[in-house]
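Structure record follows, encoded as structure tokens.
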Amino acid sequence: MGRKSLGNIRRSFAPWADPAAIPQVRFESVTKRFGDITAVSDLTLSLYPGEFHALLGPSGCGKTTLMRMLAGFEAPDSGRILLDGQDLAGIPPHLRPTNMMFQSYALFPHMSVFDNIAFGLRQGGLAREAIAARVAEMLALVKLDGFAGRRPDQLSGGQKQRVALARALARQPKVLLLDEPLGALDKKLREETQYELMDLQAELGLTFLMVTHDQDEAMAMADRISVMERGRIAQVGAPEEIYEMPANRYVAEFVGDINIFEGIVASVEGEVIRIDSPAGLMVLDDPSPGLAPGQKASLALRPEKIDILTVEPDGPGNKAAGEIWDIGYLGDFTMVQVKLDGEAGQLVKVALPNRSRKTETPIAWDDRVWLSWDVEAGILLRG
Amino acid sequence: MNRLRAPHLLALVFGIAFLYLPILVLVLYSFNASRLVTVWGGFSTRWYASLLQNQALLDAAWLSLKLALVSASVATILGLLSALALARFGRFAGRTLFAGMIAAPLVMPEVITGLALLLLFVGIDAERGFWTVTIAHVTLTACFATIVIQARLAMLDRSLEEAAQDLGATPLRVFFAITLPMIAPAILAGWLLAFTLSLDDLVLASFTSGPGSTTLPMRIYSSVRLGVTPEINAASTLLIGLVATVVVLASLLIKRDALARP
């Protein structure tokens with residue numbers, strides 16, 4: 001069928017694709033252990049100047065440890081961390097040109113907003129007037145003019161977050177570290193703050209490294225995402241690469257909803273691969289060299305890439321019959337679960353966007369339906 | 001909050017009476033006009049006035065006050081240092097032993113501590129007096145100060161100190177600009193606690209004091225052996241007032257600090 005629509009992103013900022021680009025931060029084979037637990041395991045990663053990078057993963061995957069090693073709160077057991085070509089080993093946190101916004105904000109409760117923001121500037125031996133001017137500039141930047149005299153306990157959660165941000169930016173760090181920056185905000189405020197942070201980052205042209213467990217946050221804000229799994233990076237890439245071309249099953253399942261059909265490669269003809277799965281024979285286009293018939297492989301399919309039809313589709317695409325098992329109306333789209341025919345009876349999630357306010361062919365539980373998807377829609381996962 | 005029911009109220013009244021009735025009687029009789037301790041002769045403050053004429057008692061009070069000030073200050077500094085070691089140095093070798101040794105004076109019978117100190121002072125041929133009692137009181141009260149300060153340190157959000165360090169403050173600056181102001185109420189509470197413990201200690205002082213260094217509790221105790229006079233009641237009432245004020249102050253500090261925390 002080949003739907004043509006807007007939606008893909010053309011990015012002009014992609015220094016990681018340029019072999020001549022010089023990274024600003026480099027983690028080289030970094031390993032960190034806590035007792036028997038390996039928090040970060042032989043990890044290599046480059047961050048480029050002006051990049052907004054997100055470390056995404058479940059708790060305990062090592063993302064926070066990696067960030068804390070850049071800030072200087074933890075020392076790697078082996079490997080090197082370079083910032084602008086300088087090895088950071090042995091440099092204590094207070095001498096590193098990085099600043100961090102803490103998850104709890106860590107505002108000093110016994111100091112006013114002014115003193116909180118001025119704290120870092122006072123360590124630099126700056127003149128009193130210069131400090132006052134810089135604090136005023138920072139307060140304007142985060143839209144908190146007039147709040148200088150307040151105490152942290154007189155601020156709302158969103159205001160605290162802004163003060164923490166202003167405080168971290170005041171010293172003009174080379175890299176700003178953000179530990180779950182939006183974690184403590186409610187949903188509406190989070191969305192607002194998200195775009196503000198992105199604007200701020202673009203305006204300042206700073207390198208941001210963010211730690212988050214929230215995939216929506218990472219997808220919306222970051223130029224590139226490192227999906228982490230047990231101390232290693234499972235995949236690094238732009239959000240759409242992570243989503244549309246996950247490197248493995250872990251990434252595919254961690255980011256977004258996905259249906260996975262396990263099977264065996266039946267045939268490989270050029271880029272056309274057929275996979276024999278309990279749900280039937282599936283065709284997909286994938287230039288994957290070295291794949292031979294008989295190998296185990298899975299086809300992964302995002303819910304929004306599937307159509308539901310009431311009659312059997314014709315054409316070269318994939319199709320499968322089943323009945324409607326569950327319907328979840330979410331407003332912007334409806335998540336339908338279809339139980340496929342056959343012994344396995346696999347449940348398939350289908351996301352139907354609600355683009356019209358009414359439809360002439362409403363669906364109901366137990367309806368017989370056909371699922372249909374393009375040959376380009378599926379993702380080939382090996383093993 | 002639950003309303004107090006009759007049985008609960010009764011239990012409360014009995015409990016408080018059990019604890020405080022003797023003290024109440026003592027306070028009341030300090031205002032007794034009669035010389036006879038057990039006979040009520042009307043309200044009077046004459047014993048408070050005669051207290052001011054009793055030079056021996058005044059000397060003892062002044063000594064106790066000096067002793068409490070010095071020993072509480074030394075104990076608080078020691079307590080702060082050991083609390084920092086326990087809360088901040090991670091799992092160093094011998095930490096468990098150190099923590100146990102700190103807590104030991106809490107449960108050690110004072111008689112034993114006193115005897116041990118006496119033997120030590122005799123052994124090293126130290127002249128017994130103000131300083132030996134001070135050392136004895138520091139031994140007892142430093143552990144209380146440690147526990148109060150350590151509890152506050154353990155509750156302190158580490159990211160506050162990390163944030164300060166991240167913003168360019170040296171470890172020493174972090175301590176004076178962040179850690180110390182944050183735990184100041186606990187330090188003061190620890191000091192007040194040490195102060196009151198020293199002020200009303202009898203046992204340790206009896207073992208470690210020498211001629212000319214009789215503390216107020218020692219003076220009161222020795223007077224009582226010759227028969228209770230209303231003057232002693234008055235002195236005790238003043239002592240109770242001072243100790244109670246300081247203890248209430250300390251607990252208010254701890255409570256206000258806990259409420260101020262986010």
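Following the order of the structure tokens, first chain is A, next is B, and so on, with residues numbered from 1 inside each chain and ligands from 1 in the order they appear.
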Please provide as a PyMOL selection string all residues within 10 Å of Ser159 in chain B, with the sequence filter that same-chain residues fewer than 2 positions apart are discarded (counting only C-alpha atoms).
-> (chain A and resi 102-108) or (chain B and resi 156-157+161-166)
Do you know which residues are at most 10 Å from range 233-248 of chain B counting only C-alpha atoms, after dropping those on the same chain fewer than 3 positions away, and could you put them as a PyMOL selection string?
-> chain B and resi 23-32+37+45-52+57-58+61+189+191-193+195-197+199-200+216-217+220+224+228-230+251-254
Do me a favour and pick out the residues of chain B within 12 Å of chain A, using only C-alpha atoms, as a ChimeraX atom specification.
-> /B:156-174,177-184,257,259-262
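Shell of range 304-321 of chain A at 8 Å, with only C-alpha atoms counted and residues fewer than 2 places along the chain excluded, is Met1, Ala279, Gly280, Met282, Val283, Leu301, Arg302, Glu323, Leu340, Asp341, Val350, Ala351, Leu352, Pro353, Arg368, Val369, Trp370, Leu371, Ser372, Trp373, Asp374, Val375 and Ala377 of chain A.
Residues of range 44-88 of chain A carrying a DSSP assignment of strand (DSSP E), computed from the backbone, are Thr44, Leu45, Ser46, Leu47, Phe52, His53, Ala54, Leu55, Leu56, Ser78, Gly79, Arg80, Ile81, Leu82, Leu83, Gln86 and Asp87 of chain A.
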Pull C-alpha atoms from the residues just selected and write them as a compact mmCIF listing (two decimals), in the first residue's frame.
```txt
# COMPACT_ATOMS: atom_id res chain seq x y z
CA THR A 44 32.19 3.86 25.31
CA LEU A 45 30.17 6.92 24.31
CA SER A 46 30.83 10.29 22.70
CA LEU A 47 28.84 13.47 23.24
CA PHE A 52 21.09 17.11 23.95
CA HIS A 53 21.80 13.54 24.94
CA ALA A 54 19.54 11.32 27.02
CA LEU A 55 20.59 8.25 28.98
CA LEU A 56 17.47 6.12 29.05
CA SER A 78 38.90 1.44 34.64
CA GLY A 79 38.69 3.42 31.43
CA ARG A 80 38.92 7.16 30.88
CA ILE A 81 36.55 10.09 30.72
CA LEU A 82 37.67 13.00 28.55
CA LEU A 83 36.19 16.47 28.38
CA GLN A 86 41.36 16.51 28.91
CA ASP A 87 41.39 13.38 31.05
```
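The two atoms in question, CA of Gly129 in chain B and CA of Pro105 in chain B, are spaced 21.7 Å apart.
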For CA of Gly294 in chain A and CA of Ile260 in chain A, quote the distance in Å rounded to one decimal.
->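 CA of Gly294 in chain A sits 18.3 Å away from CA of Ile260 in chain A.
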Residue neighbourhood range 108-125 of chain B, 7 Å, only C-alpha atoms, exclusion window fewer than 6 positions, as a compact mmCIF listing (two decimals) with all heavy atoms, in the first residue's frame:
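Final output, result.txt:
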```
# COMPACT_ATOMS: atom_id res chain seq x y z
N ALA B 136 35.64 13.43 83.38
CA ALA B 136 34.63 12.40 83.65
C ALA B 136 33.31 12.75 82.98
O ALA B 136 32.66 11.88 82.38
CB ALA B 136 34.45 12.23 85.15
N VAL B 203 27.14 10.90 90.69
CA VAL B 203 27.97 9.71 90.86
C VAL B 203 29.40 9.94 90.37
O VAL B 203 30.37 9.75 91.09
CB VAL B 203 27.33 8.51 90.16
CG1 VAL B 203 28.21 7.28 90.31
CG2 VAL B 203 25.94 8.25 90.71
N LEU B 204 29.52 10.38 89.11
CA LEU B 204 30.85 10.57 88.54
C LEU B 204 31.63 11.61 89.31
O LEU B 204 32.82 11.44 89.58
CB LEU B 204 30.74 10.98 87.07
CG LEU B 204 30.33 9.90 86.08
CD1 LEU B 204 30.30 10.48 84.67
CD2 LEU B 204 31.28 8.73 86.14
N PHE B 207 33.17 10.39 92.55
CA PHE B 207 34.38 9.58 92.40
C PHE B 207 35.59 10.43 92.02
O PHE B 207 36.70 10.15 92.44
CB PHE B 207 34.17 8.52 91.31
CG PHE B 207 33.51 7.27 91.83
CD1 PHE B 207 32.16 7.04 91.60
CD2 PHE B 207 34.24 6.33 92.54
CE1 PHE B 207 31.55 5.90 92.07
CE2 PHE B 207 33.63 5.19 93.01
CZ PHE B 207 32.27 4.98 92.79
N THR B 208 35.35 11.44 91.18
CA THR B 208 36.51 12.08 90.54
C THR B 208 36.84 13.47 91.09
O THR B 208 37.81 14.08 90.66
CB THR B 208 36.28 12.19 89.02
OG1 THR B 208 35.03 12.84 88.80
CG2 THR B 208 36.29 10.84 88.37
```
Using only C-alpha atoms, which of A:Gly322, A:Phe208, A:Glu217, A:Ala300 sits nearest Glu376 in chain A?
->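 Among A:Gly322, A:Phe208, A:Glu217, A:Ala300, it is A:Ala300 that comes nearest to Glu376 in chain A.
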Extract the full set of alpha helix (DSSP H) residues from range 15-196 of chain B according to DSSP on the backbone, and format it as a ChimeraX atom specification.
-> /B:15-29,46-51,55-88,95-107,110-123,130-155,158-166,171-174,180-196
Using only C-alpha atoms, pick whichever of A:Lys188, A:Lys358, A:Lys63, A:Lys174 has the shortest atom-to-atom distance to Val227 in chain A.
->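 Answer, going by the shortest atom-to-atom distance: A:Lys63.
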